[in-house]
file start_26.txt (compact mmCIF, C-alpha atoms)
# COMPACT_ATOMS: atom_id res chain seq x y z
CA MET A 1 16.00 41.45 126.48
CA LEU A 2 14.19 42.03 123.20
CA PHE A 3 10.78 43.69 123.26
CA ASP A 4 8.42 44.19 120.35
CA THR A 5 7.86 47.86 121.23
CA LEU A 6 9.59 50.18 123.67
CA TRP A 7 8.18 53.59 124.55
CA THR A 8 10.65 55.92 126.26
CA GLY A 9 10.65 59.49 127.52
CA ALA A 10 7.26 59.00 129.13
CA ARG A 11 5.70 60.57 132.18
CA LEU A 12 3.95 57.67 133.88
CA ALA A 13 1.02 57.79 136.29
CA THR A 14 1.57 54.33 137.77
CA LEU A 15 -0.80 54.60 140.76
CA ASP A 16 1.89 52.65 142.62
CA PRO A 17 0.94 52.95 146.32
CA THR A 18 4.62 52.97 147.32
CA ARG A 19 5.10 56.25 145.45
CA PRO A 20 3.54 59.56 146.52
CA GLY A 21 0.42 60.90 144.83
CA LEU A 22 -0.36 59.21 141.54
CA GLY A 23 2.92 57.29 141.51
CA ILE A 24 4.46 59.65 138.97
CA VAL A 25 7.57 58.49 137.12
CA GLU A 26 9.11 61.40 135.21
CA ASP A 27 11.50 59.54 132.89
CA GLY A 28 9.52 56.39 132.33
CA ALA A 29 9.51 53.54 129.90
CA VAL A 30 6.89 51.01 128.81
CA ALA A 31 7.80 47.84 126.94
CA ALA A 32 5.57 45.28 125.24
CA ARG A 33 6.26 41.77 124.06
CA ASP A 34 3.80 39.37 122.39
CA GLY A 35 0.92 41.83 122.81
CA ARG A 36 1.40 42.22 126.57
CA ILE A 37 3.04 44.86 128.72
CA ALA A 38 6.37 43.42 129.87
CA PHE A 39 7.83 46.44 131.70
CA VAL A 40 6.61 49.71 133.21
CA GLY A 41 8.83 51.93 135.29
CA PRO A 42 11.76 54.30 135.36
CA ALA A 43 13.85 54.09 132.19
CA GLY A 44 16.91 53.59 134.39
CA GLU A 45 15.45 50.32 135.64
CA LEU A 46 15.10 48.74 132.19
CA PRO A 47 17.18 45.57 131.83
CA ALA A 48 20.69 46.45 130.66
CA ALA A 49 20.32 44.69 127.30
CA ALA A 50 16.82 46.05 126.60
CA ASP A 51 16.13 46.59 122.93
CA ALA A 52 13.05 46.58 120.73
CA ALA A 53 12.01 46.04 117.16
CA GLU A 54 10.16 49.38 117.37
CA ARG A 55 11.18 52.29 119.60
CA ILE A 56 8.86 55.25 120.15
CA GLY A 57 9.98 58.42 121.91
CA LEU A 58 7.11 60.02 123.81
CA GLU A 59 8.82 63.35 124.51
CA GLY A 60 7.31 63.73 127.99
CA ARG A 61 3.78 62.68 127.04
CA TRP A 62 1.67 61.07 129.77
CA VAL A 63 0.97 57.35 129.92
CA LEU A 64 -1.97 56.37 132.13
CA PRO A 65 -3.32 53.03 133.34
CA GLY A 66 -5.79 51.37 131.00
CA LEU A 67 -8.63 51.72 133.49
CA VAL A 68 -9.26 55.28 132.31
CA ASP A 69 -12.45 56.04 130.38
CA CYS A 70 -10.75 57.84 127.54
CA HIS A 71 -13.61 58.06 125.08
CA THR A 72 -14.55 61.39 123.62
CA HIS A 73 -17.15 62.87 121.36
CA LEU A 74 -15.89 64.43 118.17
CA VAL A 75 -18.72 66.95 117.86
CA HIS A 76 -19.47 68.90 121.02
CA ALA A 77 -19.33 72.37 122.49
CA GLY A 78 -18.14 73.50 125.88
CA ASN A 79 -15.71 71.63 128.06
CA ARG A 80 -15.73 69.93 131.41
CA ALA A 81 -12.30 70.94 132.70
CA HIS A 82 -13.78 72.68 135.75
CA GLU A 83 -15.67 69.59 136.85
CA PHE A 84 -12.53 67.50 136.38
CA GLU A 85 -10.83 69.85 138.84
CA LEU A 86 -13.78 69.45 141.22
CA ARG A 87 -13.51 65.63 141.00
CA LEU A 88 -9.76 65.81 141.69
CA ALA A 89 -10.57 67.91 144.75
CA GLY A 90 -12.87 65.14 146.00
CA ALA A 91 -16.31 66.31 144.83
CA SER A 92 -18.82 63.56 144.10
CA TYR A 93 -20.62 63.33 140.76
CA GLU A 94 -23.74 64.56 142.54
CA GLU A 95 -21.90 67.63 143.85
CA VAL A 96 -20.52 68.34 140.38
CA ALA A 97 -24.02 68.10 138.89
CA ARG A 98 -25.41 70.44 141.57
CA ALA A 99 -22.66 72.93 140.65
CA GLY A 100 -23.89 72.90 137.03
CA GLY A 101 -21.44 70.35 135.68
CA GLY A 102 -21.84 66.90 134.23
CA ILE A 103 -23.11 65.82 130.86
CA VAL A 104 -25.95 68.34 131.05
CA SER A 105 -23.49 71.22 130.81
CA THR A 106 -21.99 70.05 127.50
CA VAL A 107 -25.38 69.02 126.13
CA ARG A 108 -26.61 72.54 126.87
CA ALA A 109 -23.53 74.12 125.23
CA THR A 110 -23.80 71.83 122.19
CA ARG A 111 -27.47 72.68 121.68
CA ALA A 112 -26.67 76.38 121.95
CA ALA A 113 -23.84 76.24 119.38
CA SER A 114 -24.45 76.84 115.69
CA GLU A 115 -23.69 74.16 113.12
CA ASP A 116 -20.76 76.26 111.86
CA GLU A 117 -19.33 76.49 115.39
CA LEU A 118 -19.67 72.73 115.88
CA VAL A 119 -17.98 71.95 112.56
CA ALA A 120 -15.19 74.45 113.28
CA SER A 121 -14.49 72.87 116.68
CA ALA A 122 -14.78 69.27 115.43
CA LEU A 123 -12.40 69.54 112.46
CA PRO A 124 -9.20 69.99 114.53
CA ARG A 125 -10.20 67.04 116.74
CA ALA A 126 -10.85 64.88 113.65
CA ARG A 127 -7.50 65.83 112.13
CA SER A 128 -5.69 65.11 115.39
CA ALA A 129 -7.36 61.70 115.72
CA ALA A 130 -6.45 60.83 112.13
CA ARG A 131 -2.79 61.82 112.70
CA ARG A 132 -2.58 59.73 115.89
CA ARG A 133 -4.18 56.73 114.23
CA ARG A 134 -1.84 57.00 111.22
CA HIS A 135 1.23 57.36 113.46
CA HIS A 136 0.41 54.55 115.90
CA ARG A 137 -1.42 52.27 113.46
CA ARG A 138 -3.99 51.39 116.12
CA GLY A 139 -7.19 52.68 117.60
CA GLN A 140 -10.37 53.70 115.91
CA VAL A 141 -12.54 56.67 115.21
CA ARG A 142 -16.24 55.94 115.17
CA LEU A 143 -18.89 58.44 114.15
CA ARG A 144 -22.60 58.15 114.68
CA ALA A 145 -25.31 60.47 113.48
CA ARG A 146 -28.15 61.24 115.82
CA PRO A 147 -31.38 62.87 114.70
call {"tool": "encode", "arguments": {"input": "start_26.txt", "output": "structure tokens"}}
result
Amino acid sequence: MLFDTLWTGARLATLDPTRPGLGIVEDGAVAARDGRIAFVGPAGELPAAADAAERIGLEGRWVLPGLVDCHTHLVHAGNRAHEFELRLAGASYEEVARAGGGIVSTVRATRAASEDELVASALPRARSAARRRRHHRRGQVRLRARP
């Protein structure tokens, strides 16, 4: 079976209810044909004659379902890793906010940071986004200025 693109060496979070937890597949593959996903699963379950015009090795990187809000802000201070852990533990957004998390925490940290600190933290993110876009030839980086 010929695919347009085949990604291998992935760690997949399939959310498959027949698998424990998040439906993790450690040695996963994703294949696309005609702009649509044609296969997702363990690499060992790919059709025997599977091949692709483009093959991309993911070296253990995670692949998540497309229903993930993956947007980010290039310029910001602070991080929200702790509240992510709280959400994974079952805390509601209201409980996270009461614990000092949520957008208010990063707004507060961004306002407290100097311009030099914001530029210094944004540059590596901008470079990383540019490298990913150049490598994958897709996606976008959008910047907006706010007064």
call {"tool": "residues_around", "arguments": {"input": "start_26.txt", "residues": "segment 43-56 of chain A", "least_positions_apart": "5", "cutoff": "12 Å", "atoms": "only C-alpha atoms", "output": "tab-separated table (two decimals) with C-alpha atoms, in the coordinates of the input"}}
result
chain	number	residue	atom	x	y	z
A	1	MET	CA	16.00	41.45	126.48
A	2	LEU	CA	14.19	42.03	123.20
A	3	PHE	CA	10.78	43.69	123.26
A	4	ASP	CA	8.42	44.19	120.35
A	5	THR	CA	7.86	47.86	121.23
A	6	LEU	CA	9.59	50.18	123.67
A	7	TRP	CA	8.18	53.59	124.55
A	8	THR	CA	10.65	55.92	126.26
A	9	GLY	CA	10.65	59.49	127.52
A	10	ALA	CA	7.26	59.00	129.13
A	11	ARG	CA	5.70	60.57	132.18
A	12	LEU	CA	3.95	57.67	133.88
A	25	VAL	CA	7.57	58.49	137.12
A	26	GLU	CA	9.11	61.40	135.21
A	27	ASP	CA	11.50	59.54	132.89
A	28	GLY	CA	9.52	56.39	132.33
A	29	ALA	CA	9.51	53.54	129.90
A	30	VAL	CA	6.89	51.01	128.81
A	31	ALA	CA	7.80	47.84	126.94
A	32	ALA	CA	5.57	45.28	125.24
A	33	ARG	CA	6.26	41.77	124.06
A	34	ASP	CA	3.80	39.37	122.39
A	38	ALA	CA	6.37	43.42	129.87
A	61	ARG	CA	3.78	62.68	127.04
A	135	HIS	CA	1.23	57.36	113.46
A	136	HIS	CA	0.41	54.55	115.90
call {"tool": "atom_distance", "arguments": {"input": "start_26.txt", "atom1": "atom CA of Thr106 of chain A", "atom2": "atom CA of Leu22 of chain A"}}
result
28.0 Å
call {"tool": "closest_residue", "arguments": {"input": "start_26.txt", "among": "A:Ala120, A:Leu15, A:Ala89, A:Ile37", "to": "Leu74 of chain A", "atoms": "all atoms listed in the file"}}
result
A:Ala120
call {"tool": "atom_distance", "arguments": {"input": "start_26.txt", "atom1": "atom CA of Gly21 of chain A", "atom2": "atom CA of Gly60 of chain A"}}
result
18.4 Å
call {"tool": "closest_residue", "arguments": {"input": "start_26.txt", "among": "A:Gly78, A:Gly90, A:Pro20, A:Gly100", "to": "Ala113 of chain A", "atoms": "all atoms listed in the file"}}
result
A:Gly78
call {"tool": "closest_residue", "arguments": {"input": "start_26.txt", "among": "A:Ala77, A:Ala91, A:Pro42, A:Glu59", "to": "Asp116 of chain A", "atoms": "all atoms listed in the file"}}
result
A:Ala77
call {"tool": "closest_residue", "arguments": {"input": "start_26.txt", "among": "A:Thr14, A:Phe39, A:Ala130, A:Arg125", "to": "Thr72 of chain A", "atoms": "all atoms listed in the file"}}
result
A:Arg125
call {"tool": "atom_distance", "arguments": {"input": "start_26.txt", "atom1": "atom CA of Ser114 of chain A", "atom2": "atom CA of Ser128 of chain A"}}
result
22.1 Å
call {"tool": "closest_residue", "arguments": {"input": "start_26.txt", "among": "A:Thr18, A:His73, A:Gly102, A:Pro124", "to": "Arg87 of chain A", "atoms": "all atoms listed in the file"}}
result
A:Gly102
call {"tool": "axis_aligned_box", "arguments": {"input": "start_26.txt", "around": "segment 102-117 of chain A", "padding_each_side": "6 Å", "output": "JSON"}}
result
{"center_x": -23.4, "center_y": 71.3, "center_z": 123.0, "size_x": 20.1, "size_y": 23.0, "size_z": 34.4}
call {"tool": "closest_residue", "arguments": {"input": "start_26.txt", "among": "A:Glu95, A:Arg19, A:Arg127, A:His76", "to": "Ala112 of chain A", "atoms": "all atoms listed in the file"}}
result
A:His76
